[in-house]
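In what follows, a structure is listed as structure tokens, so that the remarks can point back to it.
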Amino acid sequence: EFRRVLFRSAFSTCTPDGKTFIARVDDGKKTGIVSLRHLWLGVWRNVPKVMHNAKFDISFTEEFLHNRTLANREFHDTSLQSRILQSSHPSHRLKDLAYELAGIERDDEAEVKRYVGAKGVDYSGVPREIMDRYQARDAERCMLLHMFFLPKIEANPRYREIYQMERDLIAPTVAMERRGLMIDREKCRKMVTELLGNIDLTIDQFVAETNCSDRRTIASPMKLRDILYRKYGFPILKETPTGQPSTDKATIAALRAEVDHHILDLIIRFRSWSRGVKM
């Protein structure tokens, strides 16, 4: 059996055979809080939990229960499962995936949002019957995705390794987000300087290779599209919603696997190094 923690004001669970349980923890009663404690610290503590975006659920639950060991328990994350199995998928949202794979409609969210605060974080004002219906369906969504995705993960040794590694990172990530971490400012400044130098060198090589006059071309999807598909005539593996040849990360990686050309290495290198560095 598996369980899923959901909202800041409530939580819901679903077992593989479709049995759901819903509880509020913000209504002044002890029932929901006691159930949540049983779920994580009591009779159900050794049952693996299934969540969609486990880091959020675990982080909040640790704070709520004043227990910072929950991230070390066995758990599953359907968001991670989806990202591993279909990394280039346009959406890994719970409702989108459940609609695509199981046909579960997404209309329940619109009903709830009418009562939610402007920032979308306070569910205490949602009427009980609407919230219950919403929670039950989300728990069912998560369980169905898990039952669909996990066998595919377990069937592939490489996927299993990545999945375990990603889950192992959640506990230290939650701890770092809670307390912060120390950094060596001088070393960071040196690393940034080195990265900027590498980026400039990559741009110089790209300009020389393509014979283009604008150094911003490598960072412009529109100009890059012209270089890749008109100048070099590379095969179009994917199109954007507007029907233009794609230059997104997954497409460039797929193109590099098919075409052995230095220009693609320069683009991948530039994007890797420039991420997070102020240009």
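Every chain in the structure tokens takes a letter, A first, then B, and so on in the order presented; its residues are numbered from 1, and the ligands are numbered from 1 following the presented order.
Using only C-alpha atoms, the protein and nucleic acid residues lying no more than 12 Å from A:Phe270, apart from those fewer than 5 places from it along its own chain, are Leu195, Leu196, Gly197, Asn198, Ile199, Asp200, Leu201, Thr202, Ile203, Asp204, Gln205, Phe206, Arg216, Thr217, Ile218, Ala219, Ser220, Lys249, Ile263, Leu264, Asp265, Arg275, Gly276, Val277 and Met279 of chain A.
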DSSP strand (DSSP E) residues within stretch 25-207 of chain A, listed as an mmCIF file with N, CA and C atoms, in the first residue's frame:
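This is the output file part06.cif:
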data_model
loop_
_atom_site.group_PDB
_atom_site.id
_atom_site.type_symbol
_atom_site.label_atom_id
_atom_site.label_comp_id
_atom_site.auth_asym_id
_atom_site.auth_seq_id
_atom_site.Cartn_x
_atom_site.Cartn_y
_atom_site.Cartn_z
ATOM 1 N N LYS A 49 5.883 5.671 0.665
ATOM 2 C CA LYS A 49 4.933 6.705 0.269
ATOM 3 C C LYS A 49 5.146 7.049 -1.206
ATOM 4 N N VAL A 50 4.066 7.304 -1.897
ATOM 5 C CA VAL A 50 4.134 7.726 -3.298
ATOM 6 C C VAL A 50 3.664 9.164 -3.379
ATOM 7 N N MET A 51 4.481 10.026 -3.959
ATOM 8 C CA MET A 51 4.150 11.446 -4.059
ATOM 9 C C MET A 51 4.474 11.955 -5.451
ATOM 10 N N PHE A 75 10.386 6.073 -0.256
ATOM 11 C CA PHE A 75 9.289 6.760 -0.933
ATOM 12 C C PHE A 75 9.480 6.666 -2.437
ATOM 13 N N HIS A 76 8.426 7.042 -3.157
ATOM 14 C CA HIS A 76 8.477 7.096 -4.613
ATOM 15 C C HIS A 76 7.980 8.460 -5.069
ATOM 16 N N ASP A 77 8.412 8.865 -6.252
ATOM 17 C CA ASP A 77 8.055 10.179 -6.784
ATOM 18 C C ASP A 77 7.654 10.007 -8.249
#
Show me a table, sorted first by chain and then by increasing residue number, of the residues of stretch 16-104 of chain A having an atom at most 9 Å from stretch 122-139 of chain A, each with its shortest atom pair and the distance in Å to one decimal, counting only C-alpha atoms and written as CSV.
residue,atom,partner,partner_atom,distance
A:Thr20,CA,A:Ala136,CA,6.1
A:Phe21,CA,A:Ala136,CA,7.3
A:Ile22,CA,A:Asp132,CA,6.5
A:Ala23,CA,A:Asp132,CA,8.3
A:Arg24,CA,A:Ser124,CA,8.9
A:Asp26,CA,A:Ser124,CA,7.0
A:Asp27,CA,A:Ser124,CA,8.2
A:Met51,CA,A:Ala139,CA,8.6
A:Leu94,CA,A:Asp138,CA,7.8
A:Lys95,CA,A:Asp138,CA,7.7
A:Ile104,CA,A:Arg137,CA,8.5
Would you mind exporting the chosen residues as a compact mmCIF listing (two decimals), in the first residue's frame, restricted to C-alpha atoms?
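Result file is selection-v9.txt:
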# COMPACT_ATOMS: atom_id res chain seq x y z
CA THR A 20 -8.97 6.71 -0.70
CA PHE A 21 -8.75 8.49 2.65
CA ILE A 22 -9.05 12.25 3.13
CA ALA A 23 -8.29 14.36 6.20
CA ARG A 24 -8.09 18.06 7.09
CA ASP A 26 -6.51 22.88 9.66
CA ASP A 27 -10.04 22.48 11.04
CA MET A 51 4.15 11.45 -4.06
CA LEU A 94 0.18 15.43 -12.20
CA LYS A 95 -3.10 16.37 -13.85
CA ILE A 104 -8.88 11.66 -15.93
Please provide as an NGL selection string all residues within 12 Å of stretch 41-43 of chain A, with the sequence filter that same-chain residues fewer than 3 positions apart are discarded (counting only C-alpha atoms).
-> :A and (33-38 or 46-47 or 61-62 or 65-70 or 73)
Atom CA of A:Pro172 to atom CA of A:Ser59, distance in Å rounded to a single decimal |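 Separation between atom CA of A:Pro172 and atom CA of A:Ser59: 11.0 Å.
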Atom-to-atom span, atom CA of A:Phe64 and atom CA of A:Val25, Å = 9.9 Å
Have a look at atom CA of A:Met222 and atom CA of A:Thr247 and let me know their distance in Å, one decimal.
-> 8.5 Å
Residue nearest A:Glu161 - candidates A:Thr15, A:Gln244, A:Ile252, A:Gln81, atoms counted: only C-alpha atoms = A:Gln81
Contacts of A:Tyr232 at 12 Å (only C-alpha atoms; same-chain gap of 6+ positions) as a PDB file with all heavy atoms, in the first residue's frame:
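This went into result-v4.pdb:
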ATOM      1  N   GLU A 209      33.292  29.526 -37.103  1.00  0.00           N
ATOM      2  CA  GLU A 209      32.783  28.334 -37.790  1.00  0.00           C
ATOM      3  C   GLU A 209      31.654  28.677 -38.754  1.00  0.00           C
ATOM      4  O   GLU A 209      31.571  28.149 -39.868  1.00  0.00           O
ATOM      5  CB  GLU A 209      32.293  27.322 -36.750  1.00  0.00           C
ATOM      6  CG  GLU A 209      31.779  26.017 -37.311  1.00  0.00           C
ATOM      7  CD  GLU A 209      32.899  25.046 -37.622  1.00  0.00           C
ATOM      8  OE1 GLU A 209      33.914  25.042 -36.896  1.00  0.00           O
ATOM      9  OE2 GLU A 209      32.741  24.295 -38.592  1.00  0.00           O
ATOM     10  N   THR A 210      30.750  29.554 -38.319  1.00  0.00           N
ATOM     11  CA  THR A 210      29.555  29.863 -39.118  1.00  0.00           C
ATOM     12  C   THR A 210      29.743  31.078 -40.014  1.00  0.00           C
ATOM     13  O   THR A 210      28.908  31.350 -40.881  1.00  0.00           O
ATOM     14  CB  THR A 210      28.355  30.111 -38.197  1.00  0.00           C
ATOM     15  OG1 THR A 210      28.638  31.231 -37.334  1.00  0.00           O
ATOM     16  CG2 THR A 210      28.043  28.887 -37.348  1.00  0.00           C
ATOM     17  N   LEU A 224      19.550  30.901 -34.790  1.00  0.00           N
ATOM     18  CA  LEU A 224      20.161  29.580 -34.762  1.00  0.00           C
ATOM     19  C   LEU A 224      19.432  28.630 -35.720  1.00  0.00           C
ATOM     20  O   LEU A 224      20.055  27.804 -36.386  1.00  0.00           O
ATOM     21  CB  LEU A 224      20.108  29.035 -33.331  1.00  0.00           C
ATOM     22  CG  LEU A 224      21.094  27.927 -32.966  1.00  0.00           C
ATOM     23  CD1 LEU A 224      22.521  28.369 -33.218  1.00  0.00           C
ATOM     24  CD2 LEU A 224      20.905  27.541 -31.498  1.00  0.00           C
ATOM     25  N   ARG A 225      18.132  28.792 -35.791  1.00  0.00           N
ATOM     26  CA  ARG A 225      17.321  27.985 -36.706  1.00  0.00           C
ATOM     27  C   ARG A 225      17.780  28.206 -38.153  1.00  0.00           C
ATOM     28  O   ARG A 225      17.891  27.256 -38.937  1.00  0.00           O
ATOM     29  CB  ARG A 225      15.854  28.365 -36.539  1.00  0.00           C
ATOM     30  CG  ARG A 225      14.882  27.528 -37.343  1.00  0.00           C
ATOM     31  CD  ARG A 225      13.463  28.009 -37.133  1.00  0.00           C
ATOM     32  NE  ARG A 225      13.098  27.922 -35.719  1.00  0.00           N
ATOM     33  CZ  ARG A 225      12.587  28.910 -35.015  1.00  0.00           C
ATOM     34  NH1 ARG A 225      12.371  30.089 -35.577  1.00  0.00           N
ATOM     35  NH2 ARG A 225      12.267  28.734 -33.748  1.00  0.00           N
ATOM     36  N   ASP A 226      18.054  29.445 -38.471  1.00  0.00           N
ATOM     37  CA  ASP A 226      18.493  29.773 -39.828  1.00  0.00           C
ATOM     38  C   ASP A 226      19.854  29.146 -40.131  1.00  0.00           C
ATOM     39  O   ASP A 226      20.090  28.631 -41.228  1.00  0.00           O
ATOM     40  CB  ASP A 226      18.563  31.294 -39.986  1.00  0.00           C
ATOM     41  CG  ASP A 226      18.826  31.708 -41.423  1.00  0.00           C
ATOM     42  OD1 ASP A 226      17.961  31.446 -42.271  1.00  0.00           O
ATOM     43  OD2 ASP A 226      19.897  32.279 -41.693  1.00  0.00           O
ATOM     44  N   VAL A 259      24.021  13.678 -36.324  1.00  0.00           N
ATOM     45  CA  VAL A 259      24.935  14.409 -37.200  1.00  0.00           C
ATOM     46  C   VAL A 259      26.233  14.710 -36.455  1.00  0.00           C
ATOM     47  O   VAL A 259      26.210  15.313 -35.382  1.00  0.00           O
ATOM     48  CB  VAL A 259      24.301  15.734 -37.688  1.00  0.00           C
ATOM     49  CG1 VAL A 259      25.274  16.489 -38.578  1.00  0.00           C
ATOM     50  CG2 VAL A 259      22.991  15.465 -38.407  1.00  0.00           C
ATOM     51  N   HIS A 261      28.850  16.978 -36.178  1.00  0.00           N
ATOM     52  CA  HIS A 261      29.305  18.296 -36.631  1.00  0.00           C
ATOM     53  C   HIS A 261      29.705  19.137 -35.418  1.00  0.00           C
ATOM     54  O   HIS A 261      28.979  19.206 -34.416  1.00  0.00           O
ATOM     55  CB  HIS A 261      28.210  19.003 -37.424  1.00  0.00           C
ATOM     56  CG  HIS A 261      28.732  20.119 -38.287  1.00  0.00           C
ATOM     57  ND1 HIS A 261      29.200  21.301 -37.762  1.00  0.00           N
ATOM     58  CD2 HIS A 261      28.877  20.220 -39.644  1.00  0.00           C
ATOM     59  CE1 HIS A 261      29.590  22.098 -38.740  1.00  0.00           C
ATOM     60  NE2 HIS A 261      29.408  21.465 -39.895  1.00  0.00           N
ATOM     61  N   HIS A 262      30.839  19.805 -35.524  1.00  0.00           N
ATOM     62  CA  HIS A 262      31.403  20.590 -34.418  1.00  0.00           C
ATOM     63  C   HIS A 262      30.469  21.715 -33.968  1.00  0.00           C
ATOM     64  O   HIS A 262      30.462  22.089 -32.787  1.00  0.00           O
ATOM     65  CB  HIS A 262      32.758  21.171 -34.842  1.00  0.00           C
ATOM     66  CG  HIS A 262      33.442  21.946 -33.772  1.00  0.00           C
ATOM     67  ND1 HIS A 262      33.693  21.421 -32.516  1.00  0.00           N
ATOM     68  CD2 HIS A 262      33.920  23.224 -33.747  1.00  0.00           C
ATOM     69  CE1 HIS A 262      34.298  22.328 -31.773  1.00  0.00           C
ATOM     70  NE2 HIS A 262      34.461  23.429 -32.495  1.00  0.00           N
ATOM     71  N   ILE A 263      29.655  22.258 -34.877  1.00  0.00           N
ATOM     72  CA  ILE A 263      28.784  23.379 -34.523  1.00  0.00           C
ATOM     73  C   ILE A 263      27.779  23.000 -33.453  1.00  0.00           C
ATOM     74  O   ILE A 263      27.430  23.795 -32.576  1.00  0.00           O
ATOM     75  CB  ILE A 263      28.055  23.904 -35.790  1.00  0.00           C
ATOM     76  CG1 ILE A 263      27.410  25.262 -35.501  1.00  0.00           C
ATOM     77  CG2 ILE A 263      26.995  22.924 -36.268  1.00  0.00           C
ATOM     78  CD1 ILE A 263      28.392  26.368 -35.347  1.00  0.00           C
ATOM     79  N   LEU A 264      27.344  21.743 -33.475  1.00  0.00           N
ATOM     80  CA  LEU A 264      26.384  21.270 -32.478  1.00  0.00           C
ATOM     81  C   LEU A 264      27.050  21.145 -31.116  1.00  0.00           C
ATOM     82  O   LEU A 264      26.431  21.435 -30.081  1.00  0.00           O
ATOM     83  CB  LEU A 264      25.788  19.939 -32.920  1.00  0.00           C
ATOM     84  CG  LEU A 264      24.992  19.983 -34.230  1.00  0.00           C
ATOM     85  CD1 LEU A 264      24.618  18.585 -34.688  1.00  0.00           C
ATOM     86  CD2 LEU A 264      23.737  20.846 -34.063  1.00  0.00           C
TER      87      LEU A 264
END
Would you kindly return, as an MDAnalysis selection string, each protein, DNA or RNA residue with an atom no farther than 10 Å from any atom of stretch 146-160 of chain A, considering only C-alpha atoms and excluding same-chain residues fewer than 2 positions away?
-> chainID A and resid 2 16 50:52 76:82 84:85 101:102 140:144 162:166
